[in-house]
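Structure data follow from input_3.tsv (TSV, C-alpha atoms (C1' of nucleotides)):
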chain	number	residue	atom	x	y	z
A	80	MET	CA	-79.35	-32.86	18.86
A	81	GLU	CA	-77.98	-34.85	15.94
A	82	ASP	CA	-77.37	-31.61	14.09
A	83	GLU	CA	-75.51	-30.23	17.04
A	84	VAL	CA	-73.21	-33.24	17.07
A	85	GLN	CA	-72.58	-32.91	13.34
A	86	HIS	CA	-71.82	-29.25	13.79
A	87	TRP	CA	-69.37	-29.94	16.63
A	88	ILE	CA	-67.58	-32.56	14.62
A	89	ASN	CA	-67.23	-30.29	11.65
A	90	ARG	CA	-65.93	-27.44	13.75
A	91	TYR	CA	-63.56	-29.79	15.52
A	92	MET	CA	-62.24	-31.21	12.26
A	93	ASP	CA	-61.72	-27.74	10.78
A	94	ALA	CA	-59.83	-26.40	13.77
A	95	TYR	CA	-58.01	-29.65	14.27
A	96	MET	CA	-56.72	-29.80	10.72
A	97	MET	CA	-55.62	-26.19	10.80
A	98	VAL	CA	-53.77	-26.54	14.09
A	99	THR	CA	-52.24	-29.89	13.24
A	100	ARG	CA	-50.95	-28.87	9.86
A	101	GLN	CA	-49.71	-25.43	10.83
A	102	VAL	CA	-48.00	-26.58	14.02
A	103	ALA	CA	-46.39	-29.49	12.18
A	104	ALA	CA	-45.13	-27.14	9.47
A	105	ARG	CA	-43.74	-24.67	11.99
A	106	ILE	CA	-42.03	-27.40	13.95
A	107	LYS	CA	-40.58	-28.84	10.78
A	108	ASP	CA	-39.15	-25.49	9.78
A	109	SER	CA	-37.76	-25.10	13.23
A	110	ILE	CA	-36.07	-28.38	14.05
A	111	ALA	CA	-32.93	-29.50	12.27
A	112	ALA	CA	-33.64	-30.31	8.65
A	113	ASP	CA	-32.36	-33.85	8.94
A	114	THR	CA	-34.88	-34.85	11.62
A	115	THR	CA	-38.48	-35.30	10.53
A	116	ASN	CA	-41.52	-34.72	12.73
A	117	ASP	CA	-42.29	-38.43	12.87
A	118	GLN	CA	-38.73	-39.15	13.89
A	119	TYR	CA	-39.02	-36.57	16.66
A	120	GLN	CA	-42.25	-38.20	17.88
A	121	ILE	CA	-40.51	-41.56	17.91
A	122	LEU	CA	-37.61	-40.09	19.87
A	123	ARG	CA	-40.08	-38.68	22.40
A	124	LEU	CA	-41.56	-42.13	22.92
A	125	ILE	CA	-38.16	-43.74	23.28
A	126	HIS	CA	-37.12	-41.03	25.71
A	127	ALA	CA	-40.16	-41.61	27.89
A	128	GLN	CA	-39.88	-45.39	27.93
A	129	GLU	CA	-37.50	-47.35	30.08
A	130	GLN	CA	-36.94	-50.27	27.72
A	131	CYS	CA	-38.48	-49.42	24.42
A	132	THR	CA	-39.27	-52.07	21.83
A	133	SER	CA	-40.50	-51.94	18.24
A	134	THR	CA	-43.76	-53.58	19.24
A	135	TYR	CA	-44.46	-50.87	21.80
A	136	LEU	CA	-43.70	-48.15	19.27
A	137	ALA	CA	-45.85	-49.79	16.62
A	138	GLU	CA	-48.83	-50.01	18.98
A	139	THR	CA	-48.43	-46.52	20.38
A	140	PHE	CA	-47.82	-44.99	16.98
A	141	CYS	CA	-50.64	-47.03	15.44
A	142	VAL	CA	-48.56	-48.38	12.56
A	143	GLY	CA	-47.24	-51.76	11.54
A	144	LYS	CA	-43.96	-53.01	12.91
A	145	SER	CA	-42.33	-52.82	9.50
A	146	SER	CA	-42.87	-49.05	9.50
A	147	ILE	CA	-41.04	-48.85	12.80
A	148	THR	CA	-38.19	-50.93	11.43
A	149	ALA	CA	-37.86	-48.49	8.53
A	150	ILE	CA	-37.84	-45.42	10.78
A	151	ILE	CA	-35.45	-46.96	13.28
A	152	ASN	CA	-33.11	-48.08	10.50
A	153	ARG	CA	-32.76	-44.48	9.40
A	154	LEU	CA	-32.20	-43.28	12.95
A	155	VAL	CA	-29.58	-45.98	13.54
A	156	GLN	CA	-27.88	-45.03	10.31
A	157	ALA	CA	-27.81	-41.42	11.49
A	158	GLY	CA	-26.15	-42.54	14.71
A	159	ILE	CA	-29.09	-41.38	16.83
A	160	ILE	CA	-30.50	-44.70	18.01
A	161	GLU	CA	-28.84	-47.90	19.18
A	162	ARG	CA	-30.28	-51.41	19.24
A	163	THR	CA	-29.56	-53.77	22.12
A	164	ARG	CA	-30.74	-57.38	22.24
A	165	ASP	CA	-32.20	-58.68	25.48
A	166	GLU	CA	-29.95	-61.56	26.58
A	167	ASN	CA	-32.75	-63.28	28.46
A	168	ASP	CA	-35.21	-63.13	25.60
A	169	ARG	CA	-33.23	-62.79	22.44
A	170	ARG	CA	-36.31	-61.93	20.39
A	171	GLN	CA	-36.55	-58.53	22.00
A	172	VAL	CA	-34.53	-55.55	20.83
A	173	TYR	CA	-34.36	-52.50	23.05
A	174	LEU	CA	-34.07	-49.10	21.44
A	175	SER	CA	-32.15	-46.30	23.11
A	176	MET	CA	-30.57	-43.00	22.18
A	177	SER	CA	-26.86	-42.64	21.69
A	178	GLU	CA	-25.13	-39.65	23.27
A	179	HIS	CA	-25.36	-37.91	19.93
A	180	GLY	CA	-29.00	-38.90	19.73
A	181	LYS	CA	-29.71	-37.34	23.10
A	182	ARG	CA	-28.21	-34.08	21.97
A	183	VAL	CA	-30.24	-34.14	18.76
A	184	PHE	CA	-33.39	-34.90	20.73
A	185	GLU	CA	-32.83	-32.18	23.29
A	186	ALA	CA	-32.13	-29.63	20.59
A	187	ALA	CA	-35.33	-30.61	18.79
A	188	GLU	CA	-37.29	-30.52	22.01
A	189	SER	CA	-36.21	-27.02	22.89
A	190	GLN	CA	-37.02	-25.87	19.34
A	191	VAL	CA	-40.49	-27.34	19.64
A	192	HIS	CA	-41.00	-25.58	22.95
A	193	GLU	CA	-39.92	-22.30	21.43
A	194	VAL	CA	-42.50	-22.75	18.69
A	195	VAL	CA	-45.37	-23.78	20.95
A	196	ALA	CA	-44.82	-21.72	24.10
A	197	PRO	CA	-45.70	-18.29	22.68
A	198	TYR	CA	-49.24	-19.44	21.93
A	199	LEU	CA	-49.86	-20.40	25.53
A	200	PHE	CA	-49.64	-16.81	26.69
A	201	HIS	CA	-52.86	-15.99	24.86
A	202	PHE	CA	-54.85	-18.21	27.20
A	203	GLU	CA	-55.96	-18.19	30.82
A	204	LYS	CA	-54.12	-20.62	33.03
A	205	LYS	CA	-57.43	-22.17	34.00
A	206	ASP	CA	-58.44	-22.68	30.38
A	207	ILE	CA	-55.13	-24.30	29.51
A	208	GLU	CA	-55.66	-26.77	32.33
A	209	THR	CA	-59.18	-27.54	31.13
A	210	PHE	CA	-58.06	-27.89	27.55
A	211	ILE	CA	-55.21	-30.25	28.36
A	212	MET	CA	-57.33	-32.27	30.77
A	213	MET	CA	-60.01	-32.76	28.15
A	214	PHE	CA	-57.38	-33.78	25.66
A	215	GLU	CA	-55.99	-36.26	28.17
A	216	LYS	CA	-59.43	-37.62	28.98
A	217	LEU	CA	-60.08	-38.04	25.27
A	218	ALA	CA	-56.74	-39.80	24.89
A	219	SER	CA	-57.50	-42.22	27.69
A	220	LEU	CA	-61.03	-42.88	26.41
A	221	ILE	CA	-59.63	-43.75	23.03
A	222	GLN	CA	-56.86	-45.82	24.49
A	223	ASN	CA	-59.22	-47.89	26.64
A	224	ASP	CA	-61.36	-48.61	23.63
A	225	ASN	CA	-59.23	-50.96	21.59
A	226	GLY	CA	-60.92	-53.52	19.45
A	227	GLY	CA	-64.51	-52.93	20.53
A	228	LYS	CA	-65.83	-50.62	17.88
A	229	SER	CA	-69.22	-49.77	19.38
A	230	GLN	CA	-69.09	-47.39	22.33
B	132	MET	CA	-43.43	-20.64	35.74
B	133	GLU	CA	-41.04	-21.85	33.05
B	134	ASP	CA	-41.36	-25.34	34.46
B	135	GLU	CA	-45.13	-25.09	34.32
B	136	VAL	CA	-44.99	-24.15	30.66
B	137	GLN	CA	-42.65	-27.06	29.93
B	138	HIS	CA	-44.95	-29.38	31.76
B	139	TRP	CA	-48.00	-28.18	29.85
B	140	ILE	CA	-46.24	-28.57	26.55
B	141	ASN	CA	-45.17	-32.10	27.38
B	142	ARG	CA	-48.64	-33.09	28.51
B	143	TYR	CA	-50.15	-31.47	25.45
B	144	MET	CA	-47.74	-33.26	23.13
B	145	ASP	CA	-48.40	-36.61	24.78
B	146	ALA	CA	-52.16	-36.35	24.64
B	147	TYR	CA	-52.06	-34.74	21.23
B	148	MET	CA	-49.96	-37.51	19.71
B	149	MET	CA	-52.11	-40.20	21.22
B	150	VAL	CA	-55.37	-38.65	20.04
B	151	THR	CA	-54.05	-37.75	16.61
B	152	ARG	CA	-52.59	-41.14	15.87
B	153	GLN	CA	-55.43	-43.20	17.30
B	154	VAL	CA	-58.17	-41.16	15.66
B	155	ALA	CA	-56.33	-41.22	12.35
B	156	ALA	CA	-55.95	-44.99	12.57
B	157	ARG	CA	-59.62	-45.50	13.44
B	158	ILE	CA	-60.76	-43.25	10.64
B	159	LYS	CA	-58.49	-45.02	8.22
B	160	ASP	CA	-59.91	-48.41	9.19
B	161	SER	CA	-63.37	-46.99	8.84
B	162	ILE	CA	-63.40	-45.14	5.53
B	163	ALA	CA	-63.17	-46.94	2.23
B	164	ALA	CA	-59.74	-48.50	1.79
B	165	ASP	CA	-59.08	-46.66	-1.45
B	166	THR	CA	-59.39	-43.21	0.12
B	167	THR	CA	-56.57	-42.07	2.40
B	168	ASN	CA	-56.93	-39.69	5.33
B	169	ASP	CA	-55.02	-36.97	3.51
B	170	GLN	CA	-57.28	-37.38	0.51
B	171	TYR	CA	-60.31	-37.05	2.76
B	172	GLN	CA	-58.91	-33.86	4.27
B	173	ILE	CA	-58.33	-32.48	0.78
B	174	LEU	CA	-61.89	-33.37	-0.19
B	175	ARG	CA	-63.17	-31.54	2.90
B	176	LEU	CA	-61.29	-28.41	1.83
B	177	ILE	CA	-62.57	-28.63	-1.73
B	178	HIS	CA	-66.09	-29.21	-0.44
B	179	ALA	CA	-65.95	-26.10	1.74
B	180	GLN	CA	-64.47	-23.84	-0.93
B	181	GLU	CA	-66.42	-22.23	-3.72
B	182	GLN	CA	-63.67	-22.19	-6.34
B	183	CYS	CA	-60.80	-24.20	-5.04
B	184	THR	CA	-57.30	-23.91	-6.50
B	185	SER	CA	-54.06	-25.80	-5.95
B	186	THR	CA	-52.44	-22.73	-4.45
B	187	TYR	CA	-55.19	-22.43	-1.84
B	188	LEU	CA	-54.87	-26.10	-0.94
B	189	ALA	CA	-51.09	-25.89	-0.71
B	190	GLU	CA	-51.28	-22.92	1.66
B	191	THR	CA	-54.03	-24.36	3.81
B	192	PHE	CA	-52.48	-27.79	3.93
B	193	CYS	CA	-49.02	-26.32	4.51
B	194	VAL	CA	-47.32	-28.23	1.73
B	195	GLY	CA	-45.74	-27.36	-1.59
B	196	LYS	CA	-47.88	-27.10	-4.68
B	197	SER	CA	-46.24	-30.15	-6.22
B	198	SER	CA	-47.62	-32.27	-3.38
B	199	ILE	CA	-51.09	-31.04	-4.20
B	200	THR	CA	-50.57	-31.86	-7.87
B	201	ALA	CA	-49.65	-35.41	-6.90
B	202	ILE	CA	-52.67	-35.87	-4.62
B	203	ILE	CA	-55.07	-34.30	-7.13
B	204	ASN	CA	-53.69	-36.43	-9.96
B	205	ARG	CA	-54.62	-39.55	-8.01
B	206	LEU	CA	-58.08	-38.21	-7.21
B	207	VAL	CA	-58.66	-37.25	-10.85
B	208	GLN	CA	-57.52	-40.70	-11.93
B	209	ALA	CA	-60.00	-42.21	-9.47
B	210	GLY	CA	-62.76	-40.13	-11.04
B	211	ILE	CA	-63.35	-38.20	-7.82
B	212	ILE	CA	-62.08	-34.76	-8.76
B	213	GLU	CA	-62.39	-32.72	-11.94
B	214	ARG	CA	-60.18	-29.88	-13.14
B	215	THR	CA	-61.67	-26.85	-14.84
B	216	ARG	CA	-59.59	-24.03	-16.30
B	217	ASP	CA	-60.69	-20.47	-15.68
B	218	GLU	CA	-61.38	-18.97	-19.11
B	219	ASN	CA	-60.58	-15.46	-17.93
B	220	ASP	CA	-57.28	-16.36	-16.34
B	221	ARG	CA	-56.10	-19.52	-17.97
B	222	ARG	CA	-53.39	-20.06	-15.37
B	223	GLN	CA	-55.98	-20.96	-12.76
B	224	VAL	CA	-57.40	-24.44	-12.45
B	225	TYR	CA	-60.49	-24.96	-10.31
B	226	LEU	CA	-60.93	-28.24	-8.51
B	227	SER	CA	-64.35	-29.73	-7.92
B	228	MET	CA	-65.89	-33.06	-7.07
B	229	SER	CA	-67.56	-35.19	-9.68
B	230	GLU	CA	-70.91	-36.78	-8.86
B	231	HIS	CA	-69.08	-39.95	-7.96
B	232	GLY	CA	-66.64	-37.89	-5.89
B	233	LYS	CA	-69.50	-36.37	-3.93
B	234	ARG	CA	-70.83	-39.80	-3.08
B	235	VAL	CA	-67.37	-40.98	-2.00
B	236	PHE	CA	-66.92	-37.87	0.13
B	237	GLU	CA	-70.31	-38.15	1.80
B	238	ALA	CA	-69.74	-41.80	2.59
B	239	ALA	CA	-66.35	-41.01	4.11
B	240	GLU	CA	-67.82	-38.11	6.07
B	241	SER	CA	-70.53	-40.21	7.63
B	242	GLN	CA	-67.96	-42.89	8.53
B	243	VAL	CA	-65.82	-40.28	10.24
B	244	HIS	CA	-68.81	-39.02	12.17
B	245	GLU	CA	-69.61	-42.53	13.30
B	246	VAL	CA	-66.09	-42.91	14.61
B	247	VAL	CA	-65.91	-39.57	16.37
B	248	ALA	CA	-69.43	-39.06	17.70
B	249	PRO	CA	-69.40	-41.78	20.40
B	250	TYR	CA	-66.59	-40.03	22.23
B	251	LEU	CA	-68.56	-36.82	22.53
B	252	PHE	CA	-71.10	-38.44	24.84
B	253	HIS	CA	-68.48	-38.75	27.54
B	254	PHE	CA	-68.27	-34.99	27.90
B	255	GLU	CA	-70.46	-32.20	29.20
B	256	LYS	CA	-71.98	-30.03	26.53
B	257	LYS	CA	-70.39	-27.00	28.14
B	258	ASP	CA	-66.94	-28.58	28.12
B	259	ILE	CA	-67.23	-29.53	24.47
B	260	GLU	CA	-68.04	-25.94	23.63
B	261	THR	CA	-65.04	-24.71	25.62
B	262	PHE	CA	-62.77	-27.28	24.08
B	263	ILE	CA	-63.76	-26.50	20.52
B	264	MET	CA	-63.66	-22.77	21.12
B	265	MET	CA	-60.13	-23.00	22.48
B	266	PHE	CA	-59.13	-25.09	19.52
B	267	GLU	CA	-60.63	-22.53	17.19
B	268	LYS	CA	-58.93	-19.68	18.99
B	269	LEU	CA	-55.64	-21.53	18.73
B	270	ALA	CA	-56.26	-22.10	15.03
B	271	SER	CA	-56.96	-18.44	14.40
B	272	LEU	CA	-53.94	-17.35	16.47
B	273	ILE	CA	-51.71	-19.58	14.41
B	274	GLN	CA	-53.31	-18.54	11.17
B	275	ASN	CA	-52.85	-14.83	11.86
B	276	ASP	CA	-49.21	-15.41	12.63
B	277	ASN	CA	-47.72	-16.17	9.24
B	278	GLY	CA	-44.18	-15.16	8.57
B	279	GLY	CA	-43.41	-13.34	11.81
B	280	LYS	CA	-41.71	-15.96	13.89
B	281	SER	CA	-41.46	-14.13	17.19
B	282	GLN	CA	-44.78	-13.73	18.98
C	126	DA	C1'	-38.63	-83.85	25.43
C	127	DT	C1'	-40.29	-82.69	21.13
C	128	DG	C1'	-43.16	-80.60	17.83
C	129	DA	C1'	-46.68	-77.00	17.24
C	130	DA	C1'	-47.90	-72.53	18.12
C	131	DA	C1'	-46.92	-67.89	19.48
C	132	DC	C1'	-44.08	-63.97	19.52
C	133	DT	C1'	-40.36	-60.27	18.01
C	134	DG	C1'	-38.45	-58.23	14.66
C	135	DT	C1'	-36.66	-57.83	9.66
C	136	DT	C1'	-36.92	-57.83	4.63
C	137	DC	C1'	-39.18	-56.84	0.47
C	138	DT	C1'	-42.35	-54.69	-2.78
C	139	DA	C1'	-45.58	-51.38	-3.82
C	140	DC	C1'	-47.62	-47.19	-3.04
C	141	DA	C1'	-48.90	-42.29	-0.87
C	142	DG	C1'	-47.04	-38.08	0.44
C	143	DT	C1'	-43.33	-34.50	0.52
C	144	DT	C1'	-39.65	-31.49	-1.29
C	145	DG	C1'	-37.22	-28.49	-4.32
C	146	DA	C1'	-35.60	-27.37	-8.63
C	147	DA	C1'	-36.58	-26.88	-13.37
C	148	DC	C1'	-40.10	-26.13	-16.49
C	149	DT	C1'	-44.61	-24.48	-19.29
C	150	DA	C1'	-48.04	-21.42	-19.94
C	151	DT	C1'	-50.38	-17.31	-18.96
C	152	DA	C1'	-50.92	-12.58	-17.05
C	153	DT	C1'	-49.06	-8.20	-15.40
C	154	DT	C1'	-45.80	-4.55	-15.12
C	155	DT	C1'	-42.75	-1.16	-16.85
D	140	DA	C1'	-42.09	-5.63	-26.35
D	141	DA	C1'	-39.33	-7.37	-22.69
D	142	DA	C1'	-39.00	-8.36	-17.97
D	143	DT	C1'	-41.29	-10.05	-14.18
D	144	DA	C1'	-44.77	-12.43	-11.62
D	145	DT	C1'	-48.09	-16.05	-11.07
D	146	DA	C1'	-50.42	-20.91	-11.41
D	147	DG	C1'	-49.62	-25.13	-12.03
D	148	DT	C1'	-46.89	-29.44	-13.65
D	149	DT	C1'	-42.97	-32.64	-14.05
D	150	DC	C1'	-39.23	-35.08	-12.22
D	151	DA	C1'	-35.99	-37.37	-9.01
D	152	DA	C1'	-35.05	-38.44	-4.44
D	153	DC	C1'	-36.62	-39.27	-0.14
D	154	DT	C1'	-39.82	-40.60	4.23
D	155	DG	C1'	-43.53	-43.14	5.81
D	156	DT	C1'	-46.94	-46.95	5.39
D	157	DA	C1'	-49.01	-51.65	4.55
D	158	DG	C1'	-48.86	-56.46	4.21
D	159	DA	C1'	-46.95	-60.71	3.15
D	160	DA	C1'	-43.17	-63.71	3.68
D	161	DC	C1'	-39.51	-64.79	6.48
D	162	DA	C1'	-35.92	-65.96	10.53
D	163	DG	C1'	-34.94	-66.59	15.06
D	164	DT	C1'	-36.55	-67.34	19.75
D	165	DT	C1'	-39.61	-68.78	23.34
D	166	DT	C1'	-43.66	-71.12	25.24
D	167	DC	C1'	-46.83	-74.70	25.58
D	168	DA	C1'	-49.22	-79.14	25.03
D	169	DT	C1'	-48.92	-83.56	24.95
Written as structure tokens, how would this file's structure read?
Amino acid sequence: MEDEVQHWINRYMDAYMMVTRQVAARIKDSIAADTTNDQYQILRLIHAQEQCTSTYLAETFCVGKSSITAIINRLVQAGIIERTRDENDRRQVYLSMSEHGKRVFEAAESQVHEVVAPYLFHFEKKDIETFIMMFEKLASLIQNDNGGKSQ
Amino acid sequence: MEDEVQHWINRYMDAYMMVTRQVAARIKDSIAADTTNDQYQILRLIHAQEQCTSTYLAETFCVGKSSITAIINRLVQAGIIERTRDENDRRQVYLSMSEHGKRVFEAAESQVHEVVAPYLFHFEKKDIETFIMMFEKLASLIQNDNGGKSQ
DNA sequence: ATGAAACTGTTCTACAGTTGAACTATATTT
DNA sequence: AAATATAGTTCAACTGTAGAACAGTTTCAT
């Protein structure tokens, strides 16, 4: 039983590292050279969020807020992201994509899809569903498990 | 059909990012502060490989060889890794763990297992097998797809 | 109403990781 | 022997990360 768990974890880590690294490398080669993978992930989060703040990004991305400031500074400098202060609570700064930013994001997105899509055709529809659902269940388990280490 | 693929990719990316980031953050909090996640991944590769070279690590990790040099330099400086030149082909340098390195690696490994294992108990044995097998299939698809971009 | 506490985000310094070009040393090819 | 290929390193420039100190804003307790 214990051995089985160990074995699963090792297999998972092996496959996981391979997939993660290779997919990241392929996406990097594919999307415009001046946008990094992390920047693309940040753009995805901003795109999906109505009023996106640094705090939200820091929590979702699991990094400190100063990392977000650094990334956003570069994206602002590249004319991709714009900052807007909330007039009701002037502490908050909302992050949104400029028109140029939207074009950059959409181009990157379609490149990513071109990289990933071909692999899907090697799998049964049913298996893809199962795979994604397990991934989503895992994501929600992890998400609802903040702070409390045990269990 | 196209829409379905798009939808899958988006769901996959969402779940994937969440799991990747959260697990990485938890592992980082868990393993000794002076070993990074990337260093742990490198140690796993060295541990699994009989005679490990920089070139092998660079290819497997999908980075340039100079990145590997930088990582290995830090691990050598920390007394975790040792370099040994091949006497038959003096260009080659084999990387191996020192005794201290082995202890560091085993400690990190057991920490990682402690972080990951609890999540497994939320899943059916059968589903875990399916999940890992799909991951492994994906890994091997990607691996056997070097160079040729299309398909 | 005012002062303490909490919150949002930035700046700064130090470091890990990445890249790509230039380089050293060794081995192979012709 | 000279040209070429291979394995690895060095260097400079950059992205990403952490954590502490900080500034500005809001909330809360008394």
Completion exercise
If you count all atoms listed in the file, the residue of B:Glu218, B:Glu135, B:Asp160, B:Glu245 closest to chain C turns out to be B:Glu218
Practice task
Compare A:Gln222, A:Gln85, A:Asn116, A:Thr148 by their minimum atom-to-atom distance to Thr99 of chain A, counting only C-alpha atoms, and give me the closest one.
Solution key: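 For Thr99 of chain A, the nearest of the given residues is A:Asn116.
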Exercise for the section: Would you kindly return, as a PyMOL selection string, each protein, DNA or RNA residue with an atom no farther than 12 Å from any atom of segment 189-192 of chain B, considering all atoms listed in the file and excluding same-chain residues fewer than 3 positions away? Expected result: (chain A and resi 93-104) or (chain B and resi 169-170+172-177+180+183-186+195-203+270+273-274+277) or (chain C and resi 143) or (chain D and resi 146-147)
Please tabulate, as CSV, the residues of chain D that come within 10 Å of chain A, each with its closest pair of atoms and the distance in Å to one decimal, counting all atoms listed in the file and ordering rows by chain, then residue number upward.
residue,atom,partner,partner_atom,distance
D:DT154,C1',A:Thr115,CA,8.3
D:DG155,C1',A:Ser146,CA,7.0
D:DT156,C1',A:Ser146,CA,6.2
D:DA157,C1',A:Gly143,CA,7.2
D:DG158,C1',A:Gly143,CA,8.9
D:DG163,C1',A:Arg170,CA,7.2
D:DT164,C1',A:Arg170,CA,5.5
D:DT165,C1',A:Asp168,CA,7.5
Practice task
For atom C1' of DC153 of chain D and atom C1' of DA146 of chain C, determine how far apart the two atoms are, in Å to one decimal place.
Solution key: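 So the answer is 14.7 Å.
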Exercise for the section: List the neighbours of Lys233 of chain B out to 10 Å using all atoms listed in the file; skip same-chain residues closer than 4 positions along the sequence, and give me the result as a count of residues only. Expected result: 10
Taking 3 positions as the minimum chain separation for residues in the same chain, which residues sit within 10 Å of Gln130 of chain A when counting all atoms listed in the file? Answer as a PDB file with C-alpha atoms, keeping the file's coordinate frame.
ATOM      1  CA  ILE A 125     -38.160 -43.740  23.280  1.00  0.00           C
ATOM      2  CA  HIS A 126     -37.120 -41.030  25.710  1.00  0.00           C
ATOM      3  CA  ALA A 127     -40.160 -41.610  27.890  1.00  0.00           C
ATOM      4  CA  TYR A 135     -44.460 -50.870  21.800  1.00  0.00           C
ATOM      5  CA  THR A 163     -29.560 -53.770  22.120  1.00  0.00           C
ATOM      6  CA  ASP A 165     -32.200 -58.680  25.480  1.00  0.00           C
ATOM      7  CA  VAL A 172     -34.530 -55.550  20.830  1.00  0.00           C
ATOM      8  CA  TYR A 173     -34.360 -52.500  23.050  1.00  0.00           C
ATOM      9  CA  LEU A 174     -34.070 -49.100  21.440  1.00  0.00           C
ATOM     10  CA  SER A 175     -32.150 -46.300  23.110  1.00  0.00           C
TER      11      SER A 175
END
Hey, what's within 9 Å of segment 258-260 of chain B if we count all atoms listed in the file and toss same-chain stuff fewer than 3 positions away? As a short mmCIF file (atom, residue, chain, number, x, y, z; two decimals) with C-alpha atoms, in the frame of the given file, please?
data_model
loop_
_atom_site.label_atom_id
_atom_site.label_comp_id
_atom_site.auth_asym_id
_atom_site.auth_seq_id
_atom_site.Cartn_x
_atom_site.Cartn_y
_atom_site.Cartn_z
CA TRP A 87 -69.37 -29.94 16.63
CA THR A 209 -59.18 -27.54 31.13
CA PHE A 210 -58.06 -27.89 27.55
CA MET A 213 -60.01 -32.76 28.15
CA LEU B 251 -68.56 -36.82 22.53
CA PHE B 254 -68.27 -34.99 27.90
CA GLU B 255 -70.46 -32.20 29.20
CA ILE B 263 -63.76 -26.50 20.52
CA MET B 264 -63.66 -22.77 21.12
CA MET B 265 -60.13 -23.00 22.48
#
Handout entry: Nearest candidate to chain A (options C:DT149, C:DC132, C:DT154, C:DT144; using all atoms listed in the file)
Key =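 Among the listed residues, C:DC132 lies closest to chain A.
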Practice task
Using all atoms listed in the file, determine which residues of chain C fall within 10 Å of chain B; present them as a PyMOL selection string.
Solution key: chain C and resi 141-145+150-152
Exercise for the section: Mind giving me the straight-line distance from atom CA of Val246 of chain B to atom CA of Glu215 of chain A in Å, one decimal? Expected result: 18.2 Å
